[in-house]
>>> print(open('input.txt').read())   # compact mmCIF, C-alpha atoms
# COMPACT_ATOMS: atom_id res chain seq x y z
CA VAL A 1 -24.89 21.63 12.48
CA PRO A 2 -21.30 21.23 11.35
CA ALA A 3 -18.92 23.54 13.16
CA LEU A 4 -15.45 24.42 12.02
CA VAL A 5 -12.50 23.54 14.22
CA ILE A 6 -9.26 25.38 13.64
CA LEU A 7 -6.48 22.87 13.92
CA ARG A 8 -3.43 25.07 13.46
CA ILE A 9 -1.58 22.56 11.35
CA GLU A 10 0.28 23.61 8.24
CA ARG A 11 -0.06 20.37 6.33
CA ALA A 12 -2.73 17.82 5.52
CA ALA A 13 -4.82 16.05 8.13
CA LEU A 14 -4.72 12.30 7.72
CA ASP A 15 -6.65 10.51 10.41
CA VAL A 16 -9.09 11.64 13.09
CA LYS A 17 -10.54 9.75 16.04
CA TRP A 18 -12.80 10.52 18.97
CA SER A 19 -11.87 9.34 22.39
CA LEU A 20 -14.48 6.99 23.76
CA ASP A 21 -15.53 9.30 26.54
CA GLY A 22 -16.30 11.96 23.97
CA LEU A 23 -14.28 14.62 25.68
CA ARG A 24 -11.69 15.10 23.01
CA PHE A 25 -10.65 14.08 19.57
CA ALA A 26 -7.26 13.81 17.94
CA CYS A 27 -6.29 14.46 14.36
CA THR A 28 -3.03 13.21 12.86
CA SER A 29 -1.35 15.34 10.28
CA GLY A 30 1.50 15.63 7.82
CA ALA A 31 2.92 18.46 9.91
CA LYS A 32 4.48 15.84 12.21
CA CYS A 33 2.11 16.61 15.07
CA VAL A 34 -1.25 15.55 16.45
CA PRO A 35 -3.55 18.36 17.58
CA VAL A 36 -5.91 17.25 20.32
CA CYS A 37 -9.10 19.26 20.47
CA THR A 38 -11.34 19.83 23.44
CA TYR A 39 -14.57 21.71 23.89
CA GLU A 40 -14.41 25.17 25.31
CA GLU A 41 -17.55 26.30 27.10
CA SER A 42 -16.79 29.99 27.02
CA ASN A 43 -16.71 30.20 23.26
CA ASP A 44 -18.94 27.24 22.56
CA TRP A 45 -16.59 25.63 20.12
CA TRP A 46 -13.96 22.95 19.84
CA VAL A 47 -10.42 24.16 19.86
CA SER A 48 -7.03 22.55 19.62
CA LYS A 49 -5.21 24.00 22.54
CA LYS A 50 -2.41 21.59 22.73
CA MET A 51 -0.60 19.54 20.18
CA VAL A 52 1.39 16.41 20.60
CA LYS A 53 4.59 17.33 18.85
CA LYS A 54 7.41 15.58 20.55
CA LYS A 55 9.49 13.01 18.82
CA PHE A 56 7.64 12.72 15.54
CA LYS A 57 10.15 12.82 12.74
CA SER A 58 7.67 12.35 9.96
CA THR A 59 3.99 12.32 9.07
CA VAL A 60 1.74 10.71 11.67
CA LEU A 61 -0.32 8.18 9.77
CA CYS A 62 -2.83 6.81 12.26
CA CYS A 63 -4.01 7.11 15.83
CA ALA A 64 -6.28 5.34 18.29
CA PHE A 65 -7.58 6.26 21.70
CA HIS A 66 -7.62 3.74 24.53
CA PRO A 67 -11.11 2.28 24.89
CA HIS A 68 -11.51 3.00 28.58
CA ASN A 69 -8.98 5.60 29.44
CA GLY A 70 -9.53 8.54 27.16
CA GLN A 71 -6.16 9.98 28.01
CA LEU A 72 -4.00 7.41 26.33
CA LEU A 73 -3.48 7.96 22.63
CA ALA A 74 -1.52 5.54 20.49
CA THR A 75 -0.07 6.96 17.29
CA GLY A 76 1.70 5.37 14.36
CA SER A 77 3.98 7.38 12.16
CA ALA A 78 6.03 7.15 8.97
CA ASP A 79 9.21 7.35 11.03
CA PHE A 80 8.75 3.64 11.86
CA LYS A 81 7.62 4.20 15.45
CA CYS A 82 4.42 3.62 17.35
CA ARG A 83 4.14 5.69 20.52
CA VAL A 84 1.59 5.99 23.31
CA TYR A 85 1.08 9.54 24.52
CA SER A 86 -0.73 11.10 27.40
CA THR A 87 -3.41 13.61 26.54
CA PHE A 88 -4.25 14.66 30.04
CA ASP A 89 -5.82 18.08 30.08
CA SER A 90 -6.66 19.69 33.39
CA THR A 91 -9.63 21.59 32.04
CA VAL A 92 -11.37 18.46 30.89
CA ASP A 93 -10.17 15.56 32.98
CA ALA A 94 -10.72 15.21 36.64
CA ALA A 95 -7.45 13.52 37.40
CA PRO A 96 -4.64 12.10 35.36
CA SER A 97 -4.87 8.40 34.90
CA GLN A 98 -2.28 6.33 33.27
CA GLY A 99 -3.80 2.92 32.75
CA HIS A 100 -1.15 0.30 33.20
CA PHE A 101 1.80 2.60 33.11
CA GLU A 102 3.76 3.57 36.15
CA LYS A 103 2.97 7.18 36.66
CA PRO A 104 0.94 9.80 34.89
CA LEU A 105 2.71 12.12 32.53
CA GLU A 106 2.01 15.59 31.30
CA PHE A 107 0.20 16.27 28.08
CA GLY A 108 2.23 15.27 25.08
CA GLU A 109 4.72 13.07 26.87
CA ALA A 110 5.24 9.62 25.49
CA TYR A 111 4.70 6.68 27.75
CA CYS A 112 6.42 4.25 25.49
CA GLU A 113 7.80 3.85 22.05
CA MET A 114 7.83 0.74 19.90
CA SER A 115 9.37 0.35 16.54
CA SER A 116 8.99 -1.55 13.33
CA HIS A 117 10.89 -1.83 10.08
CA GLY A 118 8.24 -0.19 8.01
CA TRP A 119 5.88 2.77 8.24
CA ILE A 120 3.20 2.14 10.84
CA THR A 121 0.02 1.93 8.85
CA GLY A 122 -2.59 0.97 11.43
CA VAL A 123 -2.95 0.91 15.19
CA ALA A 124 -5.70 -0.56 17.40
CA TRP A 125 -6.37 -1.23 21.08
CA SER A 126 -8.00 -4.40 22.31
CA PRO A 127 -11.50 -4.07 23.82
CA SER A 128 -10.15 -4.24 27.36
CA GLY A 129 -7.32 -1.89 26.62
CA ASP A 130 -4.67 -4.29 27.74
CA SER A 131 -3.11 -4.85 24.37
CA LEU A 132 -2.15 -2.62 21.53
CA CYS A 133 -1.39 -3.86 18.07
CA TYR A 134 0.11 -1.97 15.17
CA SER A 135 0.79 -3.00 11.60
CA GLY A 136 3.88 -2.00 9.69
CA HIS A 137 4.52 -1.66 5.99
CA ASP A 138 7.16 -4.38 6.20
CA SER A 139 4.30 -6.93 6.31
CA SER A 140 4.39 -7.30 10.04
CA ILE A 141 2.07 -6.81 12.93
CA SER A 142 3.21 -6.34 16.51
CA ILE A 143 1.15 -6.86 19.59
CA VAL A 144 2.18 -5.34 22.88
CA THR A 145 0.46 -6.36 26.08
CA PHE A 146 0.69 -3.94 28.94
CA SER A 147 0.45 -5.12 32.48
CA PRO A 148 0.36 -3.17 35.70
CA GLY A 149 3.82 -2.66 37.03
CA GLY A 150 5.21 -1.62 33.69
CA GLN A 151 6.20 -4.97 32.26
CA ASN A 152 5.41 -5.00 28.59
CA VAL A 153 5.35 -8.09 26.48
CA GLN A 154 5.84 -7.51 22.80
CA GLN A 155 5.43 -9.96 20.00
CA THR A 156 5.97 -9.36 16.29
CA ILE A 157 4.56 -11.52 13.53
CA ARG A 158 5.96 -11.22 10.02
CA PHE A 159 4.17 -12.74 7.09
CA ARG A 160 4.87 -13.25 3.44
CA ASP A 161 1.94 -11.36 2.01
CA LEU A 162 1.39 -7.74 1.20
CA PRO A 163 1.23 -5.25 4.08
CA LEU A 164 -1.91 -4.46 6.05
CA THR A 165 -3.41 -1.01 6.12
CA CYS A 166 -5.98 -1.32 8.90
CA LEU A 167 -6.62 -3.43 11.97
CA ALA A 168 -9.49 -4.18 14.29
CA PHE A 169 -9.82 -6.32 17.38
CA VAL A 170 -12.82 -8.60 17.04
CA SER A 171 -12.53 -9.92 20.57
CA GLU A 172 -9.85 -10.15 23.19
CA ARG A 173 -8.20 -12.98 21.39
CA ALA A 174 -8.66 -12.21 17.73
CA ILE A 175 -7.48 -9.43 15.45
CA VAL A 176 -8.54 -8.98 11.85
CA GLY A 177 -6.31 -7.00 9.56
CA ALA A 178 -6.82 -6.03 5.95
CA GLY A 179 -4.63 -4.39 3.38
CA HIS A 180 -3.15 -4.58 -0.06
CA ASP A 181 -3.94 -8.23 -0.41
CA PHE A 182 -7.67 -7.66 -0.88
CA ASN A 183 -8.42 -10.37 1.64
CA PRO A 184 -8.66 -9.79 5.40
CA MET A 185 -6.59 -12.03 7.61
CA ALA A 186 -7.19 -13.05 11.19
CA PHE A 187 -4.71 -13.56 14.01
CA THR A 188 -5.59 -15.30 17.24
CA SER A 189 -4.02 -16.04 20.54
CA SER A 190 -4.98 -18.48 23.18
CA GLY A 191 -5.34 -15.82 25.82
CA GLY A 192 -2.54 -14.50 27.96
CA GLY A 193 -1.25 -12.33 25.19
CA ASN A 194 1.96 -14.11 24.43
CA ASP A 195 1.26 -16.34 21.55
CA TRP A 196 -0.46 -14.58 18.76
CA THR A 197 -0.34 -16.48 15.52
CA TYR A 198 -1.68 -16.03 12.05
CA PHE A 199 -4.92 -17.89 11.89
CA ASP A 200 -6.66 -17.72 8.57
CA ARG A 201 -7.87 -15.53 5.78
CA LEU A 202 -11.47 -14.56 5.74
CA GLU A 203 -12.11 -15.39 2.15
CA LYS A 204 -11.46 -18.68 0.52
CA LYS A 205 -11.24 -19.40 -3.14
CA LYS A 206 -14.26 -21.35 -4.23
CA GLU A 207 -13.33 -24.37 -6.25
CA LYS A 208 -15.31 -24.10 -9.44
CA ALA A 209 -16.96 -27.37 -10.26
CA ALA A 210 -15.95 -27.03 -13.85
CA ALA A 211 -17.23 -29.78 -16.05
CA ALA A 212 -13.95 -31.07 -17.38
CA ALA A 213 -14.33 -31.41 -21.08
CA THR A 214 -13.29 -34.96 -21.65
CA GLY A 215 -13.74 -36.57 -24.96
CA GLY A 216 -12.66 -35.20 -28.27
CA VAL A 217 -15.73 -33.35 -29.46
CA ALA A 218 -16.52 -31.55 -26.24
CA ALA A 219 -12.90 -30.49 -25.78
CA ALA A 220 -12.68 -29.16 -29.31
CA ARG A 221 -15.89 -27.24 -28.90
CA ALA A 222 -14.71 -25.74 -25.63
CA LEU A 223 -11.45 -24.74 -27.29
CA PHE A 224 -13.16 -22.90 -30.12
CA GLN A 225 -15.65 -21.31 -27.81
CA ASN A 226 -12.88 -19.94 -25.68
CA LYS A 227 -11.03 -18.72 -28.68
CA ALA A 228 -14.08 -16.88 -29.91
CA LYS A 229 -14.93 -15.43 -26.51
CA LEU A 230 -11.60 -14.50 -25.10
CA GLY A 231 -9.23 -14.66 -28.03
CA GLN A 232 -7.16 -17.19 -26.12
CA ASP A 233 -6.62 -20.87 -26.12
CA ASN A 234 -7.40 -21.80 -22.56
CA ALA A 235 -10.04 -20.46 -20.26
CA GLN A 236 -7.67 -18.55 -18.08
CA ASP A 237 -9.18 -17.48 -14.87
CA LEU A 238 -6.13 -15.53 -13.90
CA ASP A 239 -7.66 -12.40 -15.27
CA SER A 240 -10.53 -12.12 -12.89
CA LEU A 241 -9.96 -11.76 -9.17
CA TRP A 242 -11.57 -14.29 -6.88
CA THR A 243 -11.65 -11.99 -3.87
CA SER A 244 -14.56 -9.73 -3.04
CA HIS A 245 -12.43 -6.63 -3.09
CA GLU A 246 -10.64 -5.52 -6.20
CA GLY A 247 -8.75 -2.63 -4.70
CA ALA A 248 -6.63 -2.35 -1.60
CA ILE A 249 -8.71 -2.38 1.56
CA SER A 250 -8.39 0.93 3.31
CA ASP A 251 -10.56 0.63 6.38
CA ILE A 252 -12.11 -2.00 8.60
CA SER A 253 -14.62 -1.70 11.39
CA VAL A 254 -16.42 -4.04 13.68
CA MET A 255 -20.18 -3.82 13.36
CA SER A 256 -21.29 -6.21 16.05
CA SER A 257 -19.75 -9.14 17.76
CA SER A 258 -19.87 -11.34 14.72
CA LYS A 259 -19.83 -8.99 11.81
CA LEU A 260 -17.29 -6.70 10.36
CA SER A 261 -17.17 -4.49 7.34
CA THR A 262 -14.30 -3.47 5.12
CA ALA A 263 -14.07 -0.63 2.65
CA GLY A 264 -11.69 -0.64 -0.28
CA LEU A 265 -10.20 1.60 -2.93
CA ASP A 266 -12.33 -0.14 -5.52
CA GLY A 267 -15.36 1.63 -4.07
CA LYS A 268 -16.85 -1.44 -2.42
CA ILE A 269 -17.96 -2.00 1.14
CA VAL A 270 -18.14 -5.65 2.06
CA VAL A 271 -19.82 -6.95 5.19
CA TRP A 272 -18.32 -10.15 6.58
CA ASP A 273 -20.57 -12.32 8.68
CA LEU A 274 -18.06 -14.29 10.66
CA PRO A 275 -20.05 -17.40 11.56
CA GLN A 276 -20.89 -17.95 7.92
CA LEU A 277 -17.34 -18.00 6.65
CA ASP A 278 -15.37 -21.21 6.57
CA ILE A 279 -13.29 -20.53 9.62
CA ALA A 280 -13.16 -22.29 12.92
CA MET A 281 -15.10 -19.89 15.09
CA SER A 282 -14.09 -21.36 18.39
CA SER A 283 -10.59 -20.00 18.23
CA LEU A 284 -11.85 -16.52 17.68
CA GLY A 285 -12.96 -16.35 21.26
CA LEU A 286 -16.17 -14.50 20.64
CA PRO B 1 11.92 -16.72 -13.36
CA TYR B 2 13.32 -13.30 -14.22
CA LEU B 3 9.85 -12.10 -15.11
CA ASP B 4 8.34 -13.79 -12.08
CA ALA B 5 10.79 -12.01 -9.82
CA CYS B 6 9.95 -8.73 -11.49
CA LYS B 7 6.26 -9.42 -11.08
CA THR B 8 6.36 -10.21 -7.38
CA THR B 9 8.64 -7.27 -6.65
CA LEU B 10 6.38 -4.96 -8.57
CA THR B 11 3.26 -6.19 -6.79
CA ALA B 12 4.92 -5.59 -3.45
CA ALA B 13 6.35 -2.23 -4.50
CA ALA B 14 2.99 -1.03 -5.75
CA CYS B 15 1.36 -0.98 -2.29
CA LEU B 16 0.75 2.72 -2.45
CA ARG B 17 -1.37 5.10 -0.43
CA ASN B 18 -2.44 8.66 -0.83
CA PHE B 19 0.15 10.80 0.91
CA PRO B 20 -0.01 14.60 0.92
CA SER B 21 3.33 16.33 0.77
CA GLN B 22 5.11 16.95 4.06
CA THR B 23 7.17 19.79 2.73
CA VAL B 24 4.74 21.96 0.83
CA GLU B 25 1.26 22.89 1.91
CA ARG B 26 -1.68 21.53 -0.03
CA HIS B 27 0.51 19.68 -2.50
CA ASN B 28 0.45 16.02 -3.33
CA LYS B 29 3.59 14.93 -5.15
CA PRO B 30 5.06 11.53 -6.05
CA GLU B 31 7.71 11.11 -3.41
CA VAL B 32 9.97 8.99 -5.59
CA GLU B 33 10.48 11.95 -7.93
CA ILE B 34 10.94 14.51 -5.22
CA ARG B 35 13.22 12.45 -2.95
CA GLY B 36 13.00 15.03 -0.25
CA ASN B 37 12.41 12.84 2.78
CA LYS B 38 14.57 9.79 3.27
CA GLU B 39 12.07 7.97 5.46
CA LEU B 40 9.41 7.91 2.79
CA LEU B 41 11.52 6.11 0.21
CA LEU B 42 12.08 2.39 0.13
CA GLN B 43 15.10 0.45 -1.08
CA PRO B 44 15.59 0.55 -4.84
CA LEU B 45 15.96 -2.89 -6.34
CA VAL B 46 17.68 -3.97 -9.53
CA ILE B 47 16.66 -7.25 -11.16
CA SER B 48 18.86 -8.27 -14.04
CA ARG B 49 19.32 -11.13 -16.44
CA THR B 50 22.40 -10.84 -18.64
CA GLU B 51 21.81 -7.54 -20.36
CA ASN B 52 18.20 -6.88 -19.49
CA GLU B 53 17.83 -4.86 -16.33
CA CYS B 54 14.90 -3.62 -14.40
CA LEU B 55 15.23 -0.97 -11.68
CA ILE B 56 12.33 -0.60 -9.25
CA GLU B 57 12.29 2.39 -6.89
CA PRO B 58 9.36 2.34 -4.47
CA SER B 59 8.13 4.97 -2.06
CA ILE B 60 5.02 5.65 -0.03
CA ASN B 61 2.87 6.99 -2.84
CA SER B 62 4.67 6.18 -6.07
CA VAL B 63 6.84 3.59 -7.83
CA ARG B 64 9.32 4.22 -10.60
CA VAL B 65 10.14 1.24 -12.87
CA SER B 66 12.98 1.65 -15.37
CA ILE B 67 13.89 -0.91 -18.00
CA LYS B 68 17.12 -1.40 -19.91
CA ILE B 69 16.67 -3.27 -23.17
CA LYS B 70 19.22 -5.69 -24.56
CA GLN B 71 21.04 -4.05 -27.48
CA ALA B 72 23.57 -6.25 -29.20
CA ASP B 73 24.81 -4.22 -32.15
CA GLU B 74 24.78 -0.73 -33.59
CA ILE B 75 21.59 -1.08 -35.49
CA GLU B 76 19.72 -2.29 -32.40
CA ILE B 77 20.97 0.68 -30.45
CA ILE B 78 19.62 3.08 -33.04
CA LEU B 79 16.35 1.19 -33.34
CA CYS B 80 15.91 1.11 -29.61
CA ARG B 81 16.52 4.81 -29.25
CA LYS B 82 14.03 5.66 -31.96
CA PHE B 83 11.42 3.28 -30.63
CA THR B 84 11.65 4.51 -27.07
CA SER B 85 11.59 8.15 -28.10
CA PHE B 86 8.48 7.42 -30.19
CA LEU B 87 6.80 5.89 -27.14
CA MET B 88 7.96 8.55 -24.75
CA GLN B 89 6.68 11.38 -26.91
CA ARG B 90 3.28 9.80 -26.60
CA ALA B 91 3.65 9.27 -22.87
CA GLU B 92 0.39 11.12 -22.20
CA GLN B 93 -1.53 8.34 -23.87
CA PHE B 94 0.21 5.72 -21.83
CA ILE B 95 -0.72 7.43 -18.57
CA ILE B 96 1.84 5.60 -16.50
CA MET B 97 4.86 6.33 -18.67
CA ARG B 98 7.49 8.89 -17.83
CA ARG B 99 8.59 11.37 -20.49
CA LYS B 100 12.29 10.89 -19.85
CA ALA B 101 13.97 7.67 -18.90
CA VAL B 102 16.06 7.53 -15.76
CA GLU B 103 19.85 7.89 -16.30
CA GLY B 104 21.33 4.70 -17.67
CA TYR B 105 18.03 3.11 -18.66
CA ASP B 106 15.95 3.13 -21.81
CA ILE B 107 12.41 3.66 -20.65
CA SER B 108 10.69 4.46 -17.35
CA PHE B 109 7.23 4.18 -15.87
CA LEU B 110 5.90 6.17 -12.96
CA ILE B 111 2.94 4.63 -11.14
CA THR B 112 1.20 6.69 -8.46
CA HIS B 113 -1.67 5.88 -6.13
CA VAL B 114 -3.99 7.83 -8.42
CA HIS B 115 -3.37 5.26 -11.14
CA LEU B 116 -4.05 2.43 -8.70
CA GLU B 117 -7.35 3.97 -7.74
CA LYS B 118 -8.46 4.00 -11.34
CA MET B 119 -6.90 0.79 -12.65
CA TRP B 120 -6.60 -2.70 -11.30
CA LYS B 121 -3.22 -3.29 -9.75
CA HIS B 122 -2.76 -6.80 -11.02
CA LYS B 123 -3.56 -5.68 -14.53
CA LEU B 124 -1.04 -2.85 -14.31
CA VAL B 125 1.68 -5.21 -13.15
CA ASP B 126 0.74 -7.66 -15.90
CA PHE B 127 0.94 -4.86 -18.44
CA ILE B 128 4.46 -3.92 -17.43
CA ILE B 129 5.66 -7.51 -17.51
CA GLN B 130 4.02 -7.97 -20.91
CA PHE B 131 5.72 -4.80 -22.10
CA MET B 132 9.10 -6.09 -21.03
CA GLU B 133 8.51 -9.34 -22.91
CA ASP B 134 7.19 -7.72 -26.06
CA ILE B 135 9.72 -4.97 -26.47
CA ASP B 136 12.53 -7.43 -27.11
CA LYS B 137 10.45 -9.25 -29.68
CA GLU B 138 9.42 -6.03 -31.39
CA ILE B 139 12.95 -4.75 -31.71
CA SER B 140 14.25 -7.96 -33.21
CA GLY B 141 11.23 -8.05 -35.52
CA MET B 142 12.01 -4.52 -36.68
CA LYS B 143 15.64 -5.40 -37.26
CA ILE B 144 14.71 -8.32 -39.46
CA ALA B 145 12.29 -6.12 -41.40
CA ILE B 146 14.99 -3.50 -41.93
CA ASN B 147 17.45 -6.05 -43.17
CA ALA B 148 14.90 -7.53 -45.53
CA ARG B 149 14.00 -4.14 -46.97
CA ALA B 150 17.62 -3.14 -47.31
CA ARG B 151 18.29 -6.33 -49.23
CA VAL B 152 15.37 -5.73 -51.60
CA VAL B 153 16.32 -2.09 -52.19
CA ALA B 154 19.93 -2.96 -52.80
CA SER B 155 19.08 -5.72 -55.27
CA GLU B 156 16.69 -3.42 -57.19
CA PHE B 157 19.34 -0.73 -57.36
CA MET B 158 21.96 -3.15 -58.54
CA LYS B 159 19.67 -4.48 -61.27
CA GLN B 160 19.74 -1.08 -62.90
CA ILE B 161 23.47 -0.93 -62.91
CA SER B 162 24.32 -4.44 -63.99
CA PRO B 163 23.57 -5.40 -67.56
>>> encode(input="input.txt", output="structure tokens")
Amino acid sequence: VPALVILRIERAALDVKWSLDGLRFACTSGAKCVPVCTYEESNDWWVSKKMVKKKFKSTVLCCAFHPHNGQLLATGSADFKCRVYSTFDSTVDAAPSQGHFEKPLEFGEAYCEMSSHGWITGVAWSPSGDSLCYSGHDSSISIVTFSPGGQNVQQTIRFRDLPLTCLAFVSERAIVGAGHDFNPMAFTSSGGGNDWTYFDRLEKKKEKAAAAATGGVAAARALFQNKAKLGQDNAQDLDSLWTSHEGAISDISVMSSSKLSTAGLDGKIVVWDLPQLDIAMSSLGL
Amino acid sequence: PYLDACKTTLTAAACLRNFPSQTVERHNKPEVEIRGNKELLLQPLVISRTENECLIEPSINSVRVSIKIKQADEIEIILCRKFTSFLMQRAEQFIIMRRKAVEGYDISFLITHVHLEKMWKHKLVDFIIQFMEDIDKEISGMKIAINARARVVASEFMKQISP
């Protein structure tokens, strides 16, 4: 039965995620804050008691909870910063735990802040929770690896294509991101978290085995046929897109260890079966 | 190369997303027109080749493209003004056109994420580039037609006067 949750935000809600222990969920909003909602036994409903408000100068675009430690929330905002906050709540959590950071902080305090040159459009934790990656609108992705003792290693990759809008870790060593380019791209590292590189795109253009019209008669016929069909002289295949998606990809999610699905603004959901694509699977570390 | 530069810039600038307004509740406005929040606007870019100029102003949910057409002499200026006002009065039909051009330019387009959801982005970009190519040709074609008609009219008129 759907139950209403009052979020107490004055602007639109943009992204919402459950924490993996199911004790709370967070909702990012245009009111420059992230209400975190927990279940209240006495009234039998979910309520947003506390909001993460500090330091956001603009709309918070995306968020992601740590896979093991439900108290760490990474958020990406249109003020070019990605921050990790603590969502420790004494009514719900037994004890504050801070993952790899030095000491636990109160609710709503930021553990760390990382920046980019564009709006942060997507944020994702690795399956073990050791790394966090976020994508910026300046066509970059940054991966930060946290280690106990507070030493963070950060690496930024910039690429020449259009920005990504969503990210997902396929395994510890591979990230797949998708965005305005209609074609997901994969980044891999060789383990150790320091050397992420762009690996490949998931979709390749299929070379059409076009029967080249050699010889005078066949070429002339092809020319007139094209003129009649398309009103043009050459069969231009620039008009049709060779990628599966025709609109910007807006979301990506991992279905199982070798499949992922992407959803786009063209109304299509495409399921990618990784072993069947033309990419070298061994580097993906599955 | 001028048109290629315009095309790549436009494809990059048109990476838009739905973005509800931060300032007013329940409103969804094109940020490039409102210009309220500095962090939501991107750098405006001017691409020019001699007298043709193209100003592209991107933001998080909208792009404004303004074009300045080459106008060499008086008659082209008048023609251009009439042509653009004809188009702009029918801006509704064009969907992406703006009813008034930005200061200093002749015609402007406003593309929002709503348009991208309904139309293919690469086709939209191709349309604008095509428009930029054709408008020059059309204006010079119209000028030639005017001159030809003026010549015919004048010669007919003179025939009546001369014996």
>>> interface_residues(input="input.txt", of="chain B", to="chain A", cutoff="10 Å", atoms="all atoms listed in the file", output="MDAnalysis selection string")
chainID B and resid 11:28 37:40 42 60 116:123 126
>>> write_last_selection(input="input.txt", atoms="C-alpha atoms", output="short mmCIF file (atom, residue, chain, number, x, y, z; two decimals), in the coordinates of the input")
data_model
loop_
_atom_site.label_atom_id
_atom_site.label_comp_id
_atom_site.auth_asym_id
_atom_site.auth_seq_id
_atom_site.Cartn_x
_atom_site.Cartn_y
_atom_site.Cartn_z
CA THR B 11 3.26 -6.19 -6.79
CA ALA B 12 4.92 -5.59 -3.45
CA ALA B 13 6.35 -2.23 -4.50
CA ALA B 14 2.99 -1.03 -5.75
CA CYS B 15 1.36 -0.98 -2.29
CA LEU B 16 0.75 2.72 -2.45
CA ARG B 17 -1.37 5.10 -0.43
CA ASN B 18 -2.44 8.66 -0.83
CA PHE B 19 0.15 10.80 0.91
CA PRO B 20 -0.01 14.60 0.92
CA SER B 21 3.33 16.33 0.77
CA GLN B 22 5.11 16.95 4.06
CA THR B 23 7.17 19.79 2.73
CA VAL B 24 4.74 21.96 0.83
CA GLU B 25 1.26 22.89 1.91
CA ARG B 26 -1.68 21.53 -0.03
CA HIS B 27 0.51 19.68 -2.50
CA ASN B 28 0.45 16.02 -3.33
CA ASN B 37 12.41 12.84 2.78
CA LYS B 38 14.57 9.79 3.27
CA GLU B 39 12.07 7.97 5.46
CA LEU B 40 9.41 7.91 2.79
CA LEU B 42 12.08 2.39 0.13
CA ILE B 60 5.02 5.65 -0.03
CA LEU B 116 -4.05 2.43 -8.70
CA GLU B 117 -7.35 3.97 -7.74
CA LYS B 118 -8.46 4.00 -11.34
CA MET B 119 -6.90 0.79 -12.65
CA TRP B 120 -6.60 -2.70 -11.30
CA LYS B 121 -3.22 -3.29 -9.75
CA HIS B 122 -2.76 -6.80 -11.02
CA LYS B 123 -3.56 -5.68 -14.53
CA ASP B 126 0.74 -7.66 -15.90
#
>>> atom_distance(input="input.txt", atom1="atom CA of Asp21 of chain A", atom2="atom CA of Leu72 of chain A")
11.7 Å
>>> residues_around(input="input.txt", residues="Ser244 of chain A", least_positions_apart="4", cutoff="10 Å", atoms="all atoms listed in the file", output="tab-separated table (two decimals) with C-alpha atoms, in the coordinates of the input")
chain	number	residue	atom	x	y	z
A	182	PHE	CA	-7.67	-7.66	-0.88
A	183	ASN	CA	-8.42	-10.37	1.64
A	203	GLU	CA	-12.11	-15.39	2.15
A	264	GLY	CA	-11.69	-0.64	-0.28
A	268	LYS	CA	-16.85	-1.44	-2.42
A	269	ILE	CA	-17.96	-2.00	1.14
A	270	VAL	CA	-18.14	-5.65	2.06
>>> closest_residue(input="input.txt", among="B:Phe94, B:Ile107, B:Thr9, B:Ile75", to="Gln43 of chain B", atoms="all atoms listed in the file")
B:Thr9
>>> residues_around(input="input.txt", residues="Tyr2 of chain B", least_positions_apart="5", cutoff="8 Å", atoms="only C-alpha atoms", output="list in words")
Ile47, Ser48 and Arg49 of chain B
>>> closest_residue(input="input.txt", among="A:Ser97, A:Ser126, A:Thr28, A:Ser90", to="Gly76 of chain A", atoms="all atoms listed in the file")
A:Thr28
>>> closest_residue(input="input.txt", among="B:Lys82, B:His113, B:Lys7, B:Arg90", to="Ser59 of chain B", atoms="all atoms listed in the file")
B:His113
>>> atom_distance(input="input.txt", atom1="atom CA of Ile249 of chain A", atom2="atom CA of Val36 of chain A")
27.3 Å
>>> axis_aligned_box(input="input.txt", around="segment 40-45 of chain A", padding_each_side="5 Å", output="lines of an AutoDock Vina configuration file")
center_x = -16.7
center_y = 27.7
center_z = 23.6
size_x = 14.5
size_y = 15.0
size_z = 17.0
>>> atom_distance(input="input.txt", atom1="atom CA of Ser128 of chain A", atom2="atom CA of Ser171 of chain A")
9.2 Å
>>> closest_residue(input="input.txt", among="A:Cys166, A:Val176, A:Val153, A:Ala26", to="Val60 of chain A", atoms="all atoms listed in the file")
A:Ala26
>>> closest_residue(input="input.txt", among="A:Pro2, A:Pro275, A:Pro67, A:Gly122", to="Ser19 of chain A", atoms="only C-alpha atoms")
A:Pro67
>>> closest_residue(input="input.txt", among="A:Leu73, A:Ser147, A:Ala64, A:Leu23", to="Glu102 of chain A", atoms="all atoms listed in the file")
A:Ser147
>>> residues_around(input="input.txt", residues="segment 133-140 of chain B", least_positions_apart="5", cutoff="12 Å", atoms="all atoms listed in the file", output="PyMOL selection string")
chain B and resi 2-4+6+51-52+67-73+75-84+87+106-107+126-128+145-147
